[in-house]
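Comments concern the structure below.
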Amino acid sequence: MSDHKTTTRLDLFIDRMVSQRACLDAAIAQTKGRNEPVFELGLGNGRTFHHMRERIHDRDVYVFERALGSHPDSAPAEHLTILGDVRDTLPAARDRFPDGASLIHADLGGHNREKNDAFARMISPLIKPLLALGGLMVSSDRMYFDAFEEQPLPEGAVPGRCFIYRRAG
Ligand code: SAM
């Protein structure tokens, strides 16, 4: 019998969670002290939002979500909630946030990898104008930015499970 072990859904889930935390912690530290707000794209259960809200004390964390349904402890304040489809709310946010966001985290995907990839490709140009100069984006899906630099992953993150991009210019 072969000793080779396949990657299970549990493995993938754990890798994604561990990577999200490692990448978020690194990106929060690297953007500390900046004035621009932070965006969470996709609230879901609110785990990553809760982590960000607990770790970020110097900036507001705005949540973009089409249907709120988080754990009660992880519900964003109303004035920090941008309700609607990100295909509409991201372009509309440009006027409200002319300086952009210092950190954007996106976890908008579901179970279908191909659909997630197509969606990431489609929203990349909508996210691009919202990231401040020198700002960071953490994403669970590979994004399609021609001008942003993909950053090395911090210790503990699993390659392919999380991505970090920096707007250099
Ligand atoms: N990071 C979250 C957590 O830790 O609990 C999980 C996010 S969940 C995987 C993805 C969320 O993105 C869902 O709540 C879904 O409603 C939201 N979402 C997906 N596509 C969206 C869209 N086009 N506009 C707004 N929200 C969307």
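Identifiers in the structure tokens: chain A, B, ... in order shown; residue index from 1 per chain; ligand index from 1 in order shown.
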Pick out the residues no farther than 9 Å from ligand 1, counting only C-alpha atoms and all ligand atoms, and list them as a PyMOL selection string. chain A and resi 17+20+40-51+64-71+74+83-89+105-111+119+123+140
Selected residues written out with N, CA and C atoms, as a short mmCIF file (atom, residue, chain, number, x, y, z; two decimals), in the first residue's frame:
data_model
loop_
_atom_site.label_atom_id
_atom_site.label_comp_id
_atom_site.auth_asym_id
_atom_site.auth_seq_id
_atom_site.Cartn_x
_atom_site.Cartn_y
_atom_site.Cartn_z
N MET A 17 -7.54 28.63 6.70
CA MET A 17 -7.71 29.37 7.96
C MET A 17 -6.36 29.85 8.51
N GLN A 20 -5.00 32.57 6.23
CA GLN A 20 -5.69 33.85 6.40
C GLN A 20 -5.15 34.59 7.62
N GLU A 40 -13.12 44.88 4.49
CA GLU A 40 -13.33 43.43 4.52
C GLU A 40 -14.37 43.11 3.45
N LEU A 41 -13.98 42.38 2.42
CA LEU A 41 -14.92 42.03 1.35
C LEU A 41 -15.42 40.61 1.58
N GLY A 42 -16.68 40.49 2.01
CA GLY A 42 -17.25 39.18 2.31
C GLY A 42 -17.21 38.92 3.80
N LEU A 43 -18.34 39.15 4.47
CA LEU A 43 -18.37 38.97 5.94
C LEU A 43 -18.54 37.50 6.32
N GLY A 44 -19.45 36.81 5.63
CA GLY A 44 -19.72 35.41 5.95
C GLY A 44 -20.08 35.24 7.41
N ASN A 45 -19.44 34.29 8.06
CA ASN A 45 -19.66 34.06 9.49
C ASN A 45 -19.05 35.18 10.34
N GLY A 46 -18.11 35.92 9.76
CA GLY A 46 -17.51 37.05 10.45
C GLY A 46 -16.23 36.72 11.19
N ARG A 47 -15.65 35.54 10.93
CA ARG A 47 -14.44 35.17 11.69
C ARG A 47 -13.27 36.09 11.36
N THR A 48 -13.03 36.29 10.08
CA THR A 48 -11.87 37.15 9.72
C THR A 48 -12.17 38.60 10.09
N PHE A 49 -13.44 39.02 9.97
CA PHE A 49 -13.78 40.38 10.38
C PHE A 49 -13.52 40.54 11.88
N HIS A 50 -13.95 39.57 12.67
CA HIS A 50 -13.74 39.64 14.12
C HIS A 50 -12.24 39.74 14.43
N HIS A 51 -11.44 38.94 13.73
CA HIS A 51 -9.99 38.96 13.95
C HIS A 51 -9.43 40.36 13.63
N PHE A 64 -17.99 44.94 3.29
CA PHE A 64 -18.79 44.88 2.06
C PHE A 64 -19.41 43.48 2.00
N GLU A 65 -20.74 43.43 2.00
CA GLU A 65 -21.41 42.12 2.02
C GLU A 65 -22.80 42.27 1.41
N ARG A 66 -23.22 41.24 0.68
CA ARG A 66 -24.55 41.35 0.04
C ARG A 66 -25.67 40.91 0.97
N ALA A 67 -25.39 40.04 1.92
CA ALA A 67 -26.44 39.55 2.83
C ALA A 67 -25.82 39.24 4.18
N LEU A 68 -26.15 40.03 5.19
CA LEU A 68 -25.53 39.85 6.51
C LEU A 68 -26.05 38.58 7.17
N GLY A 69 -25.14 37.80 7.73
CA GLY A 69 -25.56 36.57 8.40
C GLY A 69 -24.46 36.05 9.30
N SER A 70 -23.75 36.98 9.93
CA SER A 70 -22.59 36.56 10.73
C SER A 70 -23.01 36.09 12.12
N HIS A 71 -22.06 35.52 12.81
CA HIS A 71 -22.20 35.25 14.24
C HIS A 71 -22.49 36.61 14.92
N SER A 74 -19.82 39.04 15.74
CA SER A 74 -18.99 39.50 14.63
C SER A 74 -19.78 40.38 13.65
N LEU A 83 -23.71 47.47 2.33
CA LEU A 83 -24.55 46.35 1.93
C LEU A 83 -24.81 46.37 0.42
N GLY A 84 -24.66 45.22 -0.20
CA GLY A 84 -24.94 45.12 -1.64
C GLY A 84 -23.92 44.24 -2.32
N ASP A 85 -24.11 44.05 -3.59
CA ASP A 85 -23.18 43.24 -4.38
C ASP A 85 -21.91 44.05 -4.63
N VAL A 86 -20.76 43.44 -4.39
CA VAL A 86 -19.50 44.19 -4.56
C VAL A 86 -19.30 44.71 -5.98
N ARG A 87 -19.98 44.08 -6.94
CA ARG A 87 -19.85 44.57 -8.33
C ARG A 87 -20.46 45.97 -8.46
N ASP A 88 -21.37 46.30 -7.52
CA ASP A 88 -21.96 47.65 -7.50
C ASP A 88 -21.30 48.52 -6.42
N THR A 89 -21.07 47.93 -5.25
CA THR A 89 -20.63 48.75 -4.12
C THR A 89 -19.15 49.15 -4.23
N HIS A 105 -9.05 43.06 2.58
CA HIS A 105 -9.06 41.60 2.66
C HIS A 105 -10.27 41.09 1.89
N ALA A 106 -10.07 40.13 1.03
CA ALA A 106 -11.17 39.56 0.25
C ALA A 106 -11.25 38.06 0.46
N ASP A 107 -12.44 37.62 0.85
CA ASP A 107 -12.72 36.19 0.97
C ASP A 107 -14.14 36.00 0.48
N LEU A 108 -14.32 36.13 -0.82
CA LEU A 108 -15.66 36.17 -1.42
C LEU A 108 -16.07 34.85 -2.05
N GLY A 109 -15.17 33.90 -2.04
CA GLY A 109 -15.41 32.67 -2.80
C GLY A 109 -16.28 31.66 -2.09
N GLY A 110 -16.78 30.72 -2.90
CA GLY A 110 -17.53 29.58 -2.38
C GLY A 110 -16.77 28.30 -2.62
N HIS A 111 -17.50 27.23 -2.93
CA HIS A 111 -16.86 25.91 -3.05
C HIS A 111 -16.32 25.62 -4.45
N PHE A 119 -14.53 34.96 -10.80
CA PHE A 119 -15.01 36.13 -10.04
C PHE A 119 -13.83 37.02 -9.64
N ILE A 123 -13.44 40.99 -10.55
CA ILE A 123 -13.45 42.10 -9.59
C ILE A 123 -12.08 42.74 -9.39
N SER A 140 -7.99 35.31 -0.55
CA SER A 140 -7.99 33.85 -0.55
C SER A 140 -7.88 33.30 -1.96
#
Looking only at the backbone, which of the residues in chain A does DSSP tag as alpha helix (DSSP H), as a PyMOL selection string? chain A and resi 9-31+47-55+86-96+113-127
Long-range neighbours of Leu12 of chain A as a PyMOL selection string, 12 Å cut-off, only C-alpha atoms, 5 positions minimum in chain: chain A and resi 6-7+17-19+111+140+158-162
Spatial neighbours of segment 60-62 of chain A, 10 Å, only C-alpha atoms, chain gap at least 2 places, as a list in words: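 Contacts, in chain order: Asn35, Glu36, Pro37, Val38, Phe39, Glu40, Leu41, Phe49, His50, Met52, Arg53, Ile56, His57, Asp58, Phe64, Glu65, Pro76, Ala77, Glu78, His79, Leu80, Thr81, Ile82, Ala101, Leu103 and Ile104 of chain A.
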Nearest to Met143 of chain A by atom-to-atom distance, counting only C-alpha atoms, from A:Pro98, A:Pro72, A:Gly169, A:Pro125: A:Pro125
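Using only C-alpha atoms, the shortest contact distance between Ala118 of chain A and any of A:Tyr144, A:Gly33, A:Ala75, A:Arg55 is found at A:Tyr144.
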Report, in Å to a single decimal, how far apart atom CA of Ser102 of chain A and atom CA of Asp117 of chain A are. 24.0 Å
Minimum-distance residue to Phe145 of chain A, chosen among A:Ala92, A:Ala168, A:Ala157, A:Ala26 (using only C-alpha atoms):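 Residue with the minimum atom-to-atom distance to Phe145 of chain A: A:Ala168.
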